[in-house]
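K.L.:
Dropping in coords_1.csv, with CSV, C-alpha atoms.
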chain,number,residue,atom,x,y,z
A,1,MET,CA,0.0,0.0,0.0
A,2,ALA,CA,2.8,2.3,1.0
A,3,THR,CA,4.7,1.5,-2.2
A,4,THR,CA,1.7,2.3,-4.4
A,5,ASP,CA,1.3,5.7,-2.7
A,6,TRP,CA,4.9,6.3,-3.2
A,7,THR,CA,4.6,5.4,-6.9
A,8,HIS,CA,1.6,7.7,-7.3
A,9,GLN,CA,3.5,10.6,-5.7
A,10,ARG,CA,6.5,10.1,-7.9
A,11,LEU,CA,4.3,9.9,-10.9
A,12,GLU,CA,2.5,13.1,-9.9
A,13,GLN,CA,5.9,14.8,-9.5
A,14,LEU,CA,6.9,13.5,-12.9
A,15,ARG,CA,3.7,15.0,-14.4
A,16,GLN,CA,4.6,18.4,-12.9
A,17,THR,CA,8.0,18.5,-14.5
A,18,ARG,CA,8.7,20.9,-17.3
A,19,VAL,CA,9.8,18.1,-19.7
A,20,TRP,CA,6.6,16.1,-19.2
A,21,ARG,CA,4.4,19.2,-19.6
A,22,SER,CA,6.2,20.1,-22.8
A,23,ILE,CA,5.3,16.7,-24.2
A,24,PHE,CA,1.7,16.2,-22.8
A,25,ARG,CA,0.4,19.8,-22.6
A,26,ARG,CA,-3.2,18.9,-21.7
A,27,GLY,CA,-2.7,17.7,-18.1
A,28,PRO,CA,-4.4,14.7,-16.6
A,29,ALA,CA,-7.4,13.3,-18.5
A,30,ARG,CA,-9.9,13.1,-15.7
A,31,THR,CA,-13.0,14.5,-17.4
A,32,ASN,CA,-14.7,13.8,-20.7
A,33,ARG,CA,-13.4,17.1,-22.0
A,34,THR,CA,-9.8,16.6,-21.0
A,35,ARG,CA,-10.0,13.0,-22.2
A,36,SER,CA,-11.1,14.2,-25.6
A,37,LEU,CA,-8.4,16.8,-25.7
A,38,ALA,CA,-5.8,14.2,-24.8
A,39,VAL,CA,-6.8,12.2,-27.9
A,40,PHE,CA,-7.0,15.2,-30.2
A,41,GLY,CA,-3.6,16.4,-29.0
A,42,ASN,CA,-1.8,13.1,-29.3
A,43,PHE,CA,-0.1,12.3,-32.6
A,44,ALA,CA,-0.5,8.6,-32.2
A,45,LEU,CA,-4.1,8.8,-31.2
A,46,HIS,CA,-5.5,11.6,-33.3
A,47,THR,CA,-6.7,9.4,-36.2
A,48,LEU,CA,-8.7,7.4,-33.7
A,49,PRO,CA,-12.2,8.2,-32.5
A,50,VAL,CA,-12.6,9.9,-29.1
A,51,LYS,CA,-15.8,8.1,-28.4
A,52,VAL,CA,-17.1,4.8,-29.6
A,53,ARG,CA,-20.3,2.9,-29.1
A,54,GLU,CA,-19.9,0.2,-26.5
A,55,LYS,CA,-21.3,-2.3,-28.9
A,56,SER,CA,-18.6,-1.7,-31.4
A,57,LEU,CA,-16.0,-2.9,-28.9
A,58,SER,CA,-17.5,-6.3,-28.5
A,59,VAL,CA,-15.6,-9.3,-29.9
A,60,ARG,CA,-18.5,-10.3,-32.2
A,61,ALA,CA,-18.8,-6.8,-33.7
A,62,THR,CA,-15.4,-7.1,-35.5
A,63,TYR,CA,-13.5,-10.1,-34.1
A,64,TYR,CA,-10.8,-7.4,-34.1
A,65,LEU,CA,-9.8,-8.6,-37.6
A,66,GLY,CA,-8.7,-5.1,-38.7
A,67,SER,CA,-6.6,-4.7,-35.6
A,68,ILE,CA,-5.1,-8.2,-36.1
A,69,SER,CA,-4.2,-7.3,-39.7
A,70,PHE,CA,-2.5,-4.1,-38.5
A,71,PHE,CA,-0.7,-5.9,-35.7
A,72,LEU,CA,0.6,-8.4,-38.2
A,73,PHE,CA,1.7,-5.6,-40.5
A,74,VAL,CA,3.7,-4.1,-37.5
A,75,VAL,CA,5.3,-7.6,-36.8
A,76,LEU,CA,6.1,-7.9,-40.5
A,77,THR,CA,7.7,-4.5,-40.6
A,78,ILE,CA,10.0,-5.2,-37.6
A,79,THR,CA,11.0,-8.7,-38.7
A,80,GLY,CA,11.4,-7.6,-42.3
A,81,VAL,CA,13.8,-4.7,-41.3
A,82,LEU,CA,15.8,-7.1,-39.2
A,83,LEU,CA,16.0,-9.6,-42.1
A,84,MET,CA,17.4,-6.9,-44.3
A,85,PHE,CA,20.6,-6.8,-42.2
A,86,TYR,CA,21.7,-10.1,-43.7
A,87,TYR,CA,19.9,-10.3,-47.1
A,88,HIS,CA,21.5,-9.1,-50.4
A,89,PRO,CA,19.1,-8.9,-53.3
A,90,ALA,CA,21.7,-10.3,-55.7
A,91,VAL,CA,21.6,-13.4,-57.8
A,92,PRO,CA,24.0,-15.8,-56.2
A,93,ASP,CA,23.8,-14.2,-52.7
A,94,ALA,CA,20.0,-14.1,-52.1
A,95,TYR,CA,19.6,-17.9,-51.8
A,96,ARG,CA,22.7,-18.3,-49.7
A,97,ASP,CA,21.7,-15.4,-47.4
A,98,MET,CA,18.3,-17.1,-46.9
A,99,LYS,CA,20.1,-20.4,-46.1
A,100,ASP,CA,22.5,-18.5,-43.7
A,101,LEU,CA,19.5,-17.0,-42.0
A,102,ILE,CA,18.2,-20.5,-41.3
A,103,TYR,CA,21.4,-22.3,-40.4
A,104,VAL,CA,24.1,-19.7,-39.4
A,105,VAL,CA,22.6,-16.5,-38.0
A,106,SER,CA,21.6,-16.5,-34.3
A,107,ASN,CA,17.8,-16.6,-34.1
A,108,GLY,CA,17.7,-16.0,-37.9
A,109,VAL,CA,15.4,-19.0,-38.4
A,110,PHE,CA,13.0,-17.6,-35.8
A,111,LEU,CA,12.8,-14.2,-37.5
A,112,ARG,CA,12.5,-15.6,-40.9
A,113,ASN,CA,9.7,-18.0,-39.9
A,114,LEU,CA,8.0,-15.3,-37.9
A,115,HIS,CA,8.1,-13.1,-41.1
A,116,ARG,CA,6.8,-15.9,-43.3
A,117,LEU,CA,4.1,-17.1,-41.0
A,118,ALA,CA,2.9,-13.5,-40.2
A,119,ALA,CA,2.8,-12.9,-43.9
A,120,HIS,CA,0.5,-15.9,-44.5
A,121,ALA,CA,-1.6,-14.9,-41.4
A,122,MET,CA,-1.9,-11.3,-42.7
A,123,VAL,CA,-3.3,-12.5,-46.0
A,124,VAL,CA,-5.8,-14.7,-44.1
A,125,ALA,CA,-6.7,-11.9,-41.7
A,126,VAL,CA,-7.1,-9.2,-44.4
A,127,PHE,CA,-9.4,-11.5,-46.4
A,128,TRP,CA,-11.4,-12.5,-43.3
A,129,HIS,CA,-11.7,-8.8,-42.4
A,130,MET,CA,-13.0,-8.0,-45.9
A,131,PHE,CA,-15.6,-10.8,-45.8
A,132,HIS,CA,-16.7,-9.9,-42.3
A,133,VAL,CA,-17.1,-6.2,-43.3
A,134,PHE,CA,-18.9,-7.2,-46.5
A,135,TYR,CA,-21.4,-9.5,-44.7
A,136,ARG,CA,-22.0,-6.8,-42.1
A,137,GLY,CA,-22.8,-4.3,-44.9
A,138,GLY,CA,-19.8,-2.2,-43.9
A,139,TYR,CA,-19.5,-1.0,-47.5
A,140,LYS,CA,-22.8,0.9,-47.4
A,141,PRO,CA,-23.1,4.6,-47.0
A,142,PRO,CA,-21.4,6.5,-45.4
A,143,HIS,CA,-18.6,3.9,-45.5
A,144,GLU,CA,-18.2,3.5,-49.3
A,145,PHE,CA,-14.9,5.3,-49.6
A,146,ASN,CA,-13.4,3.5,-46.7
A,147,TRP,CA,-14.4,0.2,-48.4
A,148,VAL,CA,-12.5,1.4,-51.5
A,149,ILE,CA,-9.4,2.2,-49.4
A,150,GLY,CA,-9.8,-1.3,-48.0
A,151,VAL,CA,-9.8,-2.9,-51.4
A,152,GLY,CA,-6.6,-0.9,-52.1
A,153,LEU,CA,-5.1,-2.3,-48.9
A,154,LEU,CA,-6.1,-5.8,-50.0
A,155,MET,CA,-4.3,-5.3,-53.3
A,156,VAL,CA,-1.2,-3.9,-51.5
A,157,THR,CA,-1.2,-6.9,-49.1
A,158,LEU,CA,-1.4,-9.4,-52.0
A,159,PHE,CA,1.4,-7.5,-54.0
A,160,LEU,CA,3.6,-7.5,-50.8
A,161,SER,CA,2.9,-11.2,-50.5
A,162,TYR,CA,3.7,-11.8,-54.1
A,163,THR,CA,6.9,-9.7,-54.3
A,164,GLY,CA,8.2,-11.3,-51.1
A,165,TYR,CA,7.7,-14.7,-52.6
A,166,LEU,CA,10.6,-14.2,-55.1
A,167,LEU,CA,13.2,-13.0,-52.5
A,168,PRO,CA,14.3,-16.5,-51.2
A,169,TRP,CA,15.4,-17.1,-54.8
A,170,ASP,CA,14.7,-20.9,-54.6
A,171,GLN,CA,12.9,-23.1,-57.2
A,172,LEU,CA,9.5,-22.4,-55.6
A,173,ALA,CA,10.1,-18.7,-55.8
A,174,PHE,CA,11.4,-18.8,-59.4
A,175,TRP,CA,8.6,-20.8,-60.8
A,176,ALA,CA,5.9,-19.0,-58.9
A,177,ILE,CA,7.1,-15.7,-60.3
A,178,THR,CA,7.4,-17.3,-63.8
A,179,VAL,CA,3.8,-18.3,-63.7
A,180,GLY,CA,2.6,-15.1,-62.0
A,181,THR,CA,4.3,-12.7,-64.5
A,182,ASN,CA,3.1,-14.8,-67.4
A,183,ILE,CA,-0.4,-14.4,-66.1
A,184,ILE,CA,0.2,-10.6,-66.2
A,185,SER,CA,1.3,-10.9,-69.9
A,186,TYR,CA,-2.2,-12.1,-70.7
A,187,VAL,CA,-3.5,-8.6,-70.0
A,188,PRO,CA,-4.6,-7.2,-73.4
A,189,VAL,CA,-2.1,-4.8,-75.2
A,190,LEU,CA,-0.3,-3.7,-72.0
A,191,GLY,CA,0.4,-7.2,-70.6
A,192,ARG,CA,3.8,-7.7,-72.2
A,193,PRO,CA,5.1,-4.1,-71.5
A,194,ILE,CA,4.0,-4.4,-67.8
A,195,ARG,CA,5.8,-7.8,-67.5
A,196,PHE,CA,8.9,-6.2,-69.0
A,197,LEU,CA,8.8,-3.3,-66.6
A,198,LEU,CA,8.2,-5.5,-63.6
A,199,LEU,CA,11.0,-7.9,-64.4
A,200,GLY,CA,13.4,-5.2,-65.9
A,201,GLY,CA,13.9,-7.6,-68.8
A,202,HIS,CA,12.6,-10.7,-70.5
A,203,ILE,CA,13.8,-13.3,-68.0
A,204,ILE,CA,13.6,-13.6,-64.2
A,205,GLY,CA,17.1,-12.6,-63.3
A,206,GLN,CA,19.1,-10.1,-61.3
A,207,ASN,CA,17.0,-7.1,-62.5
A,208,ALA,CA,13.7,-8.8,-61.5
A,209,LEU,CA,15.1,-9.8,-58.1
A,210,LEU,CA,16.2,-6.2,-57.4
A,211,ARG,CA,12.9,-4.7,-58.6
A,212,PHE,CA,10.9,-7.1,-56.5
A,213,TYR,CA,13.1,-6.3,-53.5
A,214,VAL,CA,12.6,-2.5,-53.8
A,215,LEU,CA,8.8,-3.0,-54.3
A,216,HIS,CA,8.7,-5.3,-51.3
A,217,CYS,CA,10.8,-3.3,-48.9
A,218,VAL,CA,10.1,0.3,-49.9
A,219,ILE,CA,7.3,1.1,-52.4
A,220,LEU,CA,4.6,-1.2,-51.2
A,221,PRO,CA,5.1,-0.7,-47.4
A,222,LEU,CA,5.0,3.1,-47.9
A,223,ALA,CA,1.8,2.7,-49.9
A,224,ALA,CA,0.4,0.5,-47.1
A,225,VAL,CA,1.3,3.0,-44.4
A,226,GLY,CA,-0.4,5.8,-46.3
A,227,LEU,CA,-3.6,3.8,-46.9
A,228,ILE,CA,-3.7,2.4,-43.4
A,229,GLY,CA,-3.5,5.9,-42.0
A,230,MET,CA,-6.4,7.0,-44.2
A,231,HIS,CA,-8.4,3.8,-43.5
A,232,PHE,CA,-8.2,4.4,-39.7
A,233,TRP,CA,-8.9,8.1,-40.0
A,234,ARG,CA,-12.0,7.5,-42.1
A,235,ILE,CA,-13.5,5.1,-39.6
A,236,GLN,CA,-13.7,8.1,-37.2
A,237,LYS,CA,-14.9,10.5,-39.9
A,238,ASP,CA,-17.6,8.1,-41.1
A,239,GLY,CA,-19.0,7.9,-37.6
A,240,GLY,CA,-17.6,4.6,-36.3
A,241,ILE,CA,-17.9,1.0,-37.6
A,242,THR,CA,-21.1,-0.6,-38.7
A,243,VAL,CA,-22.7,-2.4,-35.7
A,244,ARG,CA,-25.7,-4.7,-35.8
A,245,ASP,CA,-28.5,-4.0,-33.3
A,246,ASP,CA,-28.8,-7.6,-32.2
A,247,HIS,CA,-25.2,-7.7,-31.1
A,248,GLU,CA,-25.1,-6.3,-27.6
B,1,MET,CA,-17.9,60.2,-50.9
B,2,ASN,CA,-17.5,58.3,-54.1
B,3,MET,CA,-19.9,55.5,-53.1
B,4,PRO,CA,-21.7,55.1,-56.4
B,5,ALA,CA,-18.3,54.6,-58.3
B,6,GLU,CA,-17.4,51.6,-56.3
B,7,PRO,CA,-19.8,49.0,-57.6
B,8,LYS,CA,-19.4,50.3,-61.1
B,9,ALA,CA,-15.6,49.7,-61.3
B,10,PRO,CA,-15.6,45.9,-60.9
B,11,GLU,CA,-18.5,45.6,-63.3
B,12,LYS,CA,-16.5,47.4,-65.9
B,13,GLN,CA,-13.5,45.3,-65.3
B,14,GLU,CA,-15.6,42.1,-65.6
B,15,GLU,CA,-16.8,43.2,-69.0
B,16,LYS,CA,-13.3,43.8,-70.1
B,17,ASN,CA,-11.8,40.6,-68.6
B,18,PRO,CA,-14.3,37.7,-68.5
B,19,VAL,CA,-11.5,35.6,-66.9
B,20,SER,CA,-10.1,37.1,-63.8
B,21,ARG,CA,-6.4,37.3,-63.3
B,22,ARG,CA,-6.5,34.9,-60.4
B,23,ASP,CA,-8.4,32.3,-62.4
B,24,PHE,CA,-6.1,32.8,-65.4
B,25,LEU,CA,-2.9,32.3,-63.3
B,26,ASN,CA,-4.5,29.3,-61.5
B,27,GLU,CA,-5.3,27.6,-64.8
B,28,ILE,CA,-1.8,28.3,-66.1
B,29,ALA,CA,-0.2,26.9,-63.0
B,30,GLY,CA,-2.5,23.9,-63.0
B,31,GLY,CA,-1.8,23.2,-66.6
B,32,ALA,CA,2.0,23.5,-66.1
B,33,LEU,CA,1.8,21.2,-63.1
B,34,THR,CA,-0.3,18.6,-65.2
B,35,ILE,CA,2.2,18.7,-68.1
B,36,ALA,CA,5.2,18.4,-65.7
B,37,GLY,CA,3.4,15.5,-63.9
B,38,LEU,CA,2.7,13.7,-67.1
B,39,GLY,CA,6.3,14.3,-68.3
B,40,ALA,CA,7.7,13.0,-65.1
B,41,ALA,CA,5.5,9.9,-65.4
B,42,VAL,CA,6.7,9.2,-69.0
B,43,VAL,CA,10.3,9.8,-68.0
B,44,THR,CA,10.0,7.5,-65.0
B,45,VAL,CA,8.5,4.7,-67.1
B,46,LYS,CA,11.3,5.2,-69.7
B,47,TYR,CA,13.8,5.1,-66.9
B,48,ALA,CA,12.4,1.8,-65.6
B,49,SER,CA,12.7,0.1,-69.0
B,50,PRO,CA,16.3,-1.0,-69.3
B,51,ASN,CA,18.1,-0.3,-72.6
B,52,VAL,CA,20.9,-2.8,-72.1
B,53,LEU,CA,20.1,-6.3,-70.9
B,54,PHE,CA,22.6,-8.8,-69.6
B,55,GLU,CA,20.6,-11.8,-70.6
B,56,PRO,CA,21.9,-15.1,-72.1
B,57,PRO,CA,22.4,-15.0,-75.9
B,58,THR,CA,19.5,-16.2,-77.9
B,59,THR,CA,21.6,-17.8,-80.6
B,60,PHE,CA,23.5,-21.0,-79.8
B,61,ARG,CA,25.3,-23.9,-81.4
B,62,ALA,CA,23.6,-27.3,-80.9
B,63,GLY,CA,26.3,-29.7,-82.1
B,64,SER,CA,26.3,-31.9,-85.2
B,65,PRO,CA,23.2,-33.5,-86.7
B,66,ASP,CA,24.8,-36.8,-86.0
B,67,ASP,CA,24.4,-36.2,-82.3
B,68,TYR,CA,20.6,-36.7,-82.7
B,69,PRO,CA,19.4,-40.1,-83.8
B,70,VAL,CA,16.4,-40.5,-86.1
B,71,ASN,CA,13.1,-40.5,-84.3
B,72,SER,CA,14.4,-38.8,-81.2
B,73,VAL,CA,13.4,-35.8,-79.0
B,74,THR,CA,16.4,-34.3,-77.2
B,75,TYR,CA,16.0,-31.7,-74.5
B,76,LEU,CA,18.8,-29.1,-74.3
B,77,GLN,CA,18.6,-28.0,-70.6
B,78,ASP,CA,20.7,-24.9,-70.8
B,79,GLN,CA,18.7,-23.4,-73.6
B,80,GLN,CA,15.2,-24.9,-72.7
B,81,VAL,CA,14.9,-26.1,-76.3
B,82,TYR,CA,14.0,-29.5,-77.9
B,83,VAL,CA,15.8,-30.7,-81.0
B,84,VAL,CA,13.6,-33.2,-82.7
B,85,ARG,CA,14.7,-35.5,-85.5
B,86,THR,CA,12.4,-37.7,-87.5
B,87,ASP,CA,12.9,-39.4,-90.9
B,88,ARG,CA,11.5,-36.2,-92.5
B,89,GLY,CA,14.2,-34.0,-91.0
B,90,MET,CA,15.0,-31.9,-87.9
B,91,TRP,CA,13.5,-28.9,-86.1
B,92,ALA,CA,14.2,-27.0,-82.9
B,93,MET,CA,11.3,-26.1,-80.6
B,94,SER,CA,10.7,-24.3,-77.4
B,95,ALA,CA,10.4,-26.3,-74.2
B,96,VAL,CA,8.6,-23.5,-72.4
B,97,CYS,CA,4.9,-24.2,-72.0
B,98,THR,CA,2.8,-21.6,-73.8
B,99,HIS,CA,0.3,-21.5,-71.0
B,100,LEU,CA,2.3,-20.0,-68.1
B,101,GLY,CA,5.9,-20.6,-68.8
B,102,CYS,CA,6.8,-23.8,-67.0
B,103,ILE,CA,9.4,-26.2,-68.6
B,104,THR,CA,7.8,-29.2,-70.3
B,105,GLN,CA,9.1,-32.7,-70.4
B,106,TRP,CA,9.4,-35.2,-73.2
B,107,LYS,CA,7.6,-38.5,-72.2
B,108,PRO,CA,9.0,-41.2,-74.5
B,109,ASP,CA,6.4,-43.8,-73.3
B,110,SER,CA,3.4,-41.8,-74.5
B,111,SER,CA,5.4,-40.0,-77.3
B,112,GLN,CA,4.1,-36.7,-75.8
B,113,ILE,CA,5.5,-33.5,-74.4
B,114,ALA,CA,3.9,-32.9,-71.0
B,115,CYS,CA,3.8,-29.8,-68.7
B,116,PRO,CA,4.1,-30.5,-65.0
B,117,CYS,CA,2.4,-27.3,-63.9
B,118,HIS,CA,-1.2,-27.5,-65.3
B,119,GLY,CA,-1.2,-30.7,-67.4
B,120,SER,CA,-0.9,-29.4,-70.9
B,121,LYS,CA,0.2,-32.0,-73.5
B,122,PHE,CA,1.9,-31.4,-76.8
B,123,GLN,CA,2.7,-33.5,-79.8
B,124,ARG,CA,6.4,-33.7,-80.8
B,125,THR,CA,5.6,-31.3,-83.6
B,126,GLY,CA,4.5,-28.8,-80.9
B,127,GLY,CA,0.8,-29.0,-81.5
B,128,VAL,CA,-1.5,-28.9,-78.4
B,129,GLU,CA,-3.1,-32.2,-77.5
B,130,ALA,CA,-4.6,-31.5,-74.2
B,131,GLY,CA,-4.7,-29.0,-71.3
B,132,PRO,CA,-4.9,-25.2,-71.0
B,133,ALA,CA,-2.1,-24.3,-73.4
B,134,PRO,CA,-3.5,-21.7,-75.8
B,135,ARG,CA,-0.8,-22.1,-78.6
B,136,PRO,CA,1.5,-24.8,-79.9
B,137,LEU,CA,5.1,-24.8,-78.9
B,138,PRO,CA,6.9,-22.3,-81.2
B,139,HIS,CA,9.6,-23.6,-83.6
B,140,PHE,CA,12.9,-21.8,-83.7
B,141,SER,CA,15.1,-21.2,-86.7
B,142,LEU,CA,17.5,-24.2,-87.1
B,143,VAL,CA,20.2,-24.0,-89.7
B,144,LEU,CA,23.4,-25.9,-90.6
B,145,GLY,CA,26.4,-23.7,-90.1
B,146,GLU,CA,29.4,-23.6,-92.5
B,147,ASP,CA,31.4,-25.8,-90.1
B,148,GLY,CA,28.6,-28.4,-90.1
B,149,THR,CA,27.1,-27.6,-86.7
B,150,LEU,CA,23.5,-26.7,-86.0
B,151,VAL,CA,22.7,-23.2,-85.1
B,152,VAL,CA,19.5,-22.3,-83.3
B,153,ASP,CA,18.1,-18.7,-83.1
B,154,LYS,CA,15.5,-18.5,-80.3
B,155,LEU,CA,14.4,-15.0,-81.4
B,156,GLU,CA,13.4,-16.2,-84.8
B,157,VAL,CA,10.2,-18.1,-84.7
B,158,VAL,CA,9.6,-20.1,-87.8
B,159,MET,CA,6.6,-22.0,-89.3
B,160,GLU,CA,6.1,-25.6,-88.2
B,161,THR,CA,6.5,-26.7,-91.9
B,162,GLU,CA,10.1,-25.4,-92.0
B,163,ILE,CA,12.1,-28.6,-91.5
B,164,LEU,CA,15.9,-29.0,-91.9
B,165,LYS,CA,16.6,-31.8,-94.3
B,166,VAL,CA,19.7,-33.7,-93.2
Can you give me the file's structure in the form of structure tokens?

P.N.:
Amino acid sequence: MATTDWTHQRLEQLRQTRVWRSIFRRGPARTNRTRSLAVFGNFALHTLPVKVREKSLSVRATYYLGSISFFLFVVLTITGVLLMFYYHPAVPDAYRDMKDLIYVVSNGVFLRNLHRLAAHAMVVAVFWHMFHVFYRGGYKPPHEFNWVIGVGLLMVTLFLSYTGYLLPWDQLAFWAITVGTNIISYVPVLGRPIRFLLLGGHIIGQNALLRFYVLHCVILPLAAVGLIGMHFWRIQKDGGITVRDDHE
Amino acid sequence: MNMPAEPKAPEKQEEKNPVSRRDFLNEIAGGALTIAGLGAAVVTVKYASPNVLFEPPTTFRAGSPDDYPVNSVTYLQDQQVYVVRTDRGMWAMSAVCTHLGCITQWKPDSSQIACPCHGSKFQRTGGVEAGPAPRPLPHFSLVLGEDGTLVVDKLEVVMETEILKV
């Protein structure tokens, strides 16, 4: 009891310091007004709603599928950046680096498998999220635009998954990308030029590996971050998620 | 003082200039930005299409005709090409499935070329027998060089009827 009092006092002292007050300018969030101000004034929280209906927090309202997708994206970003310390997107090196990560690097196999499994799980979570929102009618007004952003996020997730598939540079990767890019070349008129641009040539070689690496590690994650930010912000602006009356 | 003059002045100006200076400059700026944006897009696409490629040569020597017995289909793994010899003559043919680019295999038991990916089957002339392949396997130019070796050019697709008489 005495220790908790002591902790409270220290915490209160910390809140009075100039440094703390320069970061959190609003003071303690004790009333609805100051709680709202705390959310508005916080960079991390400002895209989220200040108030939500209690119903929308129940498990059955969302199964937290969007949050799970976002959590997996964060896991993938952290593990992906760590994998980049050992991986070279070059033709003889890529496969060896992947094997080194499995057999030589400390905890490399853990990070690689975490990245791979989280990637599979994210595709499942994003699809499940989409189906769930669809069957709830979450695409209806006023949520139409957020549904469209969500479709964009589904595409980005699938492209991330697809570009990541080539990076181990093994037989599975090579033939999957062979088949995938040949599917693209069936697009009328533009198919072959798109395949050429994507591969940086006619064959799946060094250029293709480097392009897929840049797409996977820079371009697509940036697109995802932008779209995710807009997706979260729109939930608030559209007045919260769609809830069914029979789900209390 | 000169209250009545005030509403008159802008009216006069509007008659003279149906487009205001602000709108005019906005449109010029917007147009310039659009042109610059389109130009940047074109230049970027150009930049992303390589002019020099370090890809394996498409022309190669395939040995002497004597290396290929009559009524045989030989797969050249490095080039992903079949060299077929029958009593009618010889031809070179792509081993890349026309469906989605997997490498096919010659099955001597059924005298068929089969794709492991999606089950397409081809005759040894390249014609599609079964499966999703939309086109026959393309034949490549096959000529006898001056030194008596076969030369295949994978960039030159020839008619199925062009057969090298040996």

K.L.:
Applying 9 Å and all atoms listed in the file, which residues near Gly180 (chain A) remain after dropping the ones on its own chain fewer than 5 positions away? List them as a ChimeraX atom specification.

P.N.:
/A:162,175 /B:100

K.L.:
I need the residues from that last selection saved to file as a PDB file, keeping the file's coordinate frame (with C-alpha atoms), if you can.

P.N.:
ATOM      1  CA  TYR A 162       3.700 -11.800 -54.100  1.00  0.00           C
ATOM      2  CA  TRP A 175       8.600 -20.800 -60.800  1.00  0.00           C
TER       3      TRP A 175
ATOM      4  CA  LEU B 100       2.300 -20.000 -68.100  1.00  0.00           C
TER       5      LEU B 100
END

K.L.:
Give me, as a PyMOL selection string, all polymer residues having an atom no more than 10 Å from Gly148 (chain B), counting only C-alpha atoms and skipping those fewer than 4 positions away in the same chain.

P.N.:
chain B and resi 63-65+143-144

K.L.:
For the atom pair CA of Pro57 (chain B) and CA of Lys165 (chain B), what is the interatomic distance in Å to one decimal place?

P.N.:
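One can read the CA of Pro57 (chain B) to CA of Lys165 (chain B) distance as 25.6 Å.
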
K.L.:
Dump as a ChimeraX atom specification the residues of chain B that approach chain A to within 10 Å, counting only C-alpha atoms.

P.N.:
/B:45-56,98-103,117

K.L.:
List as a list in words the protein and nucleic acid residues near Cys115 (chain B), meaning an atom at most 7 Å away when all atoms listed in the file are counted, but skip any in the same chain fewer than 5 places from it.

P.N.:
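Here the qualifying residues turn out to be Cys97, Cys102, Ile103, Thr104, Gln105, Ser120 and Lys121 of chain B.
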
K.L.:
Enter the distance from CA of Ala118 (chain A) to CA of Gly66 (chain A), in Å, rounded to one decimal.

P.N.:
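One can read the CA of Ala118 (chain A) to CA of Gly66 (chain A) distance as 14.4 Å.
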
K.L.:
Which residue is closest to Trp233 (chain A)? Choose from A:Pro221, A:Thr47, A:His88, A:His115 and count all atoms listed in the file.

P.N.:
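Closest to Trp233 (chain A), using all atoms listed in the file: A:Thr47.
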
K.L.:
For the atom pair CA of Asp93 (chain A) and CA of His216 (chain A), what is the interatomic distance in Å to one decimal place?

P.N.:
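It comes out at 17.6 Å.
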
K.L.:
Compile the contact shell of Ser56 (chain A) as a list in words: residues with an atom at most 10 Å away, counting all atoms listed in the file, same-chain residues fewer than 2 positions apart removed.

P.N.:
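Once the adjacent positions are removed, what remains is Val52, Arg53, Glu54, Ser58, Val59, Arg60, Ala61, Thr62, Gly240, Ile241, Thr242, Val243, Arg244, His247 and Glu248 of chain A.
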
K.L.:
What's around region 128-142 of chain A at 7 Å? Count all atoms listed in the file, leave out sequence neighbours fewer than 2 positions away in its own chain, and write the answer as a PDB file with C-alpha atoms, in the frame of the given file.

P.N.:
ATOM      1  CA  LEU A  65      -9.800  -8.600 -37.600  1.00  0.00           C
ATOM      2  CA  GLY A  66      -8.700  -5.100 -38.700  1.00  0.00           C
ATOM      3  CA  VAL A 124      -5.800 -14.700 -44.100  1.00  0.00           C
ATOM      4  CA  ALA A 125      -6.700 -11.900 -41.700  1.00  0.00           C
ATOM      5  CA  VAL A 126      -7.100  -9.200 -44.400  1.00  0.00           C
ATOM      6  CA  GLU A 144     -18.200   3.500 -49.300  1.00  0.00           C
ATOM      7  CA  TRP A 147     -14.400   0.200 -48.400  1.00  0.00           C
ATOM      8  CA  ASP A 238     -17.600   8.100 -41.100  1.00  0.00           C
ATOM      9  CA  THR A 242     -21.100  -0.600 -38.700  1.00  0.00           C
TER      10      THR A 242
END
